[in-house]
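Here's the structure we're looking at; comments come further down.
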Amino acid sequence: MASYNEPEHEPPPKASLPTKFVQGFRLLLKDAMRSVDSASGKRLGSCIGVYGFYDYDAEPIYIGQTWENFGTRIGRHMTGQRSDTLAYRILDPFEVAELEFWPTEHLRTDPDKRAKLDAIEYSAYRQAIDESKYRAILNEKIPPVSELVNLPRSYRFTLVPDDLREDREHPDVRIARRAETLARVSAVAHERGEVSAGLRRVIVIQAVRLADLAAARLAYAEGRARPSPDAIDVHKLVGNVLQESDADDASDD
């Protein structure tokens, strides 16, 4: 085990410096990127398309699209290096347990590619909303409202090493992480003042996610059944999560 105040020594390899969990996470992510899209014959890391993140309960967290390759965009999400400085504050990489790709290499040269990718993203977003027990996910900007289409074949991967999953998915760890993420996003709203309605919606949804998990932990400690997610009416708190409000359109940067 490396420690401080060791005698003079050769610098260790950079890949050895992260924790065992981070090393395992990166290895699984690299393996996912190396997987091949059967439709195009390309590695997923080199494909464009739509992607989604899921937490330890397989609850959808976030849906996005990219005209960069997946390798570049997902790498930015996972290392907090998105060009959008708010992105890494909204999405906690340590809450991501699974990753899904909908590659769309066939759209690279399509003259109507942007509208078609928007439709695929919106359809994946709607699917995620339908699968979510909260009927809401952590997208600051709702994808452009489009006609629903059949999604292309998807590829889904776990990013959590099996031998470390029990510790990482412990509810006390996840409650602390969600509280920290909520505090970071709230600090952005406080520091900037003028933020999108979408960001304020994310704050509410993250607060709901935190309250639900904390309530489940309390119920378990007291020997009670887990409260139903219906105990909190998310839509009454945040409004319509299927289309942008005028406030979103007016205040987004």
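A note on labels: chains of the structure tokens are A, B, ... as shown, every chain counts residues from 1, and ligands are counted from 1 in their shown order.
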What are the closest atom pairs, with distances in Å to one decimal, for all residues of stretch 157-209 of chain A lying within 6 Å of stretch 94-97 of chain A? Consider only C-alpha atoms, order rows by chain and residue number, and present the result as a Markdown table.
| residue | atom | partner | partner_atom | distance |
| --- | --- | --- | --- | --- |
| A:Thr158 | CA | A:Ala97 | CA | 5.9 |
| A:Leu159 | CA | A:Ala97 | CA | 5.3 |
| A:Val160 | CA | A:Ala97 | CA | 5.7 |
Restricted to all heavy atoms, what would the selected residues look like written as a compact mmCIF listing (two decimals), in the first residue's frame?
# COMPACT_ATOMS: atom_id res chain seq x y z
N THR A 158 -22.22 -2.94 -17.56
CA THR A 158 -22.00 -2.56 -16.18
C THR A 158 -20.60 -1.97 -16.06
O THR A 158 -19.67 -2.39 -16.75
CB THR A 158 -22.14 -3.77 -15.23
OG1 THR A 158 -21.94 -3.32 -13.87
CG2 THR A 158 -21.14 -4.86 -15.55
N LEU A 159 -20.46 -0.98 -15.20
CA LEU A 159 -19.18 -0.31 -15.01
C LEU A 159 -18.62 -0.50 -13.60
O LEU A 159 -17.63 0.13 -13.24
CB LEU A 159 -19.33 1.20 -15.29
CG LEU A 159 -19.81 1.58 -16.70
CD1 LEU A 159 -19.94 3.09 -16.82
CD2 LEU A 159 -18.84 1.04 -17.76
N VAL A 160 -19.25 -1.37 -12.83
CA VAL A 160 -18.86 -1.56 -11.43
C VAL A 160 -18.24 -2.94 -11.26
O VAL A 160 -18.90 -3.96 -11.53
CB VAL A 160 -20.07 -1.41 -10.50
CG1 VAL A 160 -19.65 -1.59 -9.04
CG2 VAL A 160 -20.73 -0.06 -10.70
May I have a table of the residues of stretch 3-99 of chain A lying at most 8 Å from stretch 117-131 of chain A, giving each one's closest pair of atoms and their distance in Å to one decimal, counting only C-alpha atoms, ordered by chain and ascending residue number, as a tab-separated table?
residue	atom	partner	partner_atom	distance
A:Gly49	CA	A:Leu117	CA	7.1
A:Val50	CA	A:Glu121	CA	5.8
A:Glu59	CA	A:Glu131	CA	7.5
A:Pro60	CA	A:Ala128	CA	5.8
A:Ile63	CA	A:Tyr125	CA	5.9
A:Gly64	CA	A:Glu121	CA	6.7
A:Gln65	CA	A:Glu121	CA	6.2
Write the residues of the preceding selection, restricted to N, CA, C and O atoms, as a PDB file, in the first residue's frame.
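This went into again19.pdb:
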ATOM      1  N   GLY A  49     -24.032   8.785 -31.627  1.00  0.00           N
ATOM      2  CA  GLY A  49     -25.367   8.312 -31.292  1.00  0.00           C
ATOM      3  C   GLY A  49     -25.873   8.846 -29.968  1.00  0.00           C
ATOM      4  O   GLY A  49     -25.516   9.938 -29.528  1.00  0.00           O
ATOM      5  N   VAL A  50     -26.700   8.050 -29.328  1.00  0.00           N
ATOM      6  CA  VAL A  50     -27.368   8.411 -28.074  1.00  0.00           C
ATOM      7  C   VAL A  50     -26.858   7.483 -26.982  1.00  0.00           C
ATOM      8  O   VAL A  50     -26.551   6.316 -27.236  1.00  0.00           O
ATOM      9  N   GLU A  59     -31.955   2.470 -12.234  1.00  0.00           N
ATOM     10  CA  GLU A  59     -32.794   3.646 -12.448  1.00  0.00           C
ATOM     11  C   GLU A  59     -32.101   4.575 -13.449  1.00  0.00           C
ATOM     12  O   GLU A  59     -30.933   4.928 -13.280  1.00  0.00           O
ATOM     13  N   PRO A  60     -32.787   4.968 -14.535  1.00  0.00           N
ATOM     14  CA  PRO A  60     -32.153   5.883 -15.494  1.00  0.00           C
ATOM     15  C   PRO A  60     -31.846   7.220 -14.849  1.00  0.00           C
ATOM     16  O   PRO A  60     -32.653   7.750 -14.073  1.00  0.00           O
ATOM     17  N   ILE A  63     -29.897  11.003 -20.172  1.00  0.00           N
ATOM     18  CA  ILE A  63     -29.848  10.614 -21.580  1.00  0.00           C
ATOM     19  C   ILE A  63     -29.208  11.753 -22.367  1.00  0.00           C
ATOM     20  O   ILE A  63     -29.538  12.935 -22.155  1.00  0.00           O
ATOM     21  N   GLY A  64     -28.296  11.414 -23.266  1.00  0.00           N
ATOM     22  CA  GLY A  64     -27.654  12.444 -24.083  1.00  0.00           C
ATOM     23  C   GLY A  64     -27.380  11.941 -25.488  1.00  0.00           C
ATOM     24  O   GLY A  64     -27.533  10.761 -25.786  1.00  0.00           O
ATOM     25  N   GLN A  65     -26.958  12.856 -26.361  1.00  0.00           N
ATOM     26  CA  GLN A  65     -26.563  12.494 -27.723  1.00  0.00           C
ATOM     27  C   GLN A  65     -25.213  13.110 -28.019  1.00  0.00           C
ATOM     28  O   GLN A  65     -24.792  14.081 -27.365  1.00  0.00           O
TER      29      GLN A  65
END
Selection near A:Pro161, 10 Å with only C-alpha atoms, sequence-local residues under 2 positions removed, as a PyMOL selection string: chain A and resi 20-28+97+158-159+163-166+168
For atom CA of A:Leu99 and atom CA of A:Arg209, the interatomic separation in Å (one decimal):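 Atom-to-atom, atom CA of A:Leu99 to atom CA of A:Arg209, that is 19.1 Å.
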Alpha helix (DSSP H) per DSSP on the backbone: members of stretch 133-185 of chain A, as a list of chain:residue names: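 These are the residues in question: A:Arg165, A:Glu166, A:Asp167, A:Arg168, A:Pro171, A:Asp172, A:Val173, A:Arg174, A:Ile175, A:Ala176, A:Arg177, A:Arg178, A:Ala179, A:Glu180, A:Thr181, A:Leu182, A:Ala183, A:Arg184, A:Val185.
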Polymer residues at most 7 Å from stretch 152-157 of chain A, only C-alpha atoms, same-chain spacing of 5 or more positions, as a list of chain:residue names: A:Ala32, A:Glu98, A:Leu99, A:Glu100, A:Phe101, A:Trp102
Please produce a file of the residues just selected, as a PDB file, in the first residue's frame, where the atoms kept are C-alpha atoms.
ATOM      1  CA  ALA A  32     -17.334  -1.312 -23.313  1.00  0.00           C
ATOM      2  CA  GLU A  98     -24.472   1.031 -16.018  1.00  0.00           C
ATOM      3  CA  LEU A  99     -24.046   2.614 -19.430  1.00  0.00           C
ATOM      4  CA  GLU A 100     -26.151   2.121 -22.567  1.00  0.00           C
ATOM      5  CA  PHE A 101     -25.342   3.047 -26.166  1.00  0.00           C
ATOM      6  CA  TRP A 102     -27.662   3.486 -29.151  1.00  0.00           C
TER       7      TRP A 102
END
Closest of A:Lys141, A:His106, A:Lys14, A:Arg76 to A:Ala197 - atom-to-atom distances counting only C-alpha atoms: A:Lys141
d(atom CA of A:Ser228, atom CA of A:Val208) in Å: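 Separation of atom CA of A:Ser228 and atom CA of A:Val208: 12.3 Å.
If you measure from each of A:Pro171, A:Pro12, A:Pro227, A:Gly198 to A:Asp57 using only C-alpha atoms, the closest one turns out to be A:Pro171.
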Picked from stretch 62-234 of chain A by DSSP as strand (DSSP E or B), as a PyMOL selection string: chain A and resi 62-66+98-103+155-158
Shortest interatomic distance to A:Ser186 - which of A:Val202, A:Ile137, A:Ala219, A:Val173, counting only C-alpha atoms: A:Val202
Top pick for closest residue to A:Asn240, considering A:Arg226, A:Arg201, A:Lys113, A:Arg174 and counting only C-alpha atoms: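 Under the stated criterion, the closest residue is A:Arg201.
Closest to A:Ile61 among A:Asp230, A:Glu140, A:Glu105, A:Asp31 is A:Glu140, based on only C-alpha atoms.
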Å distance separating atom CA of A:Cys47 from atom CA of A:Asn69, one decimal place: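 Computed distance, atom CA of A:Cys47 to atom CA of A:Asn69, equals 5.0 Å.
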Selected residue, from A:Lys116, A:Ala187, A:Lys30, A:Thr104, that lies nearest to A:Met78 when counting only C-alpha atoms: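 Selected residue with least distance to A:Met78: A:Lys30.
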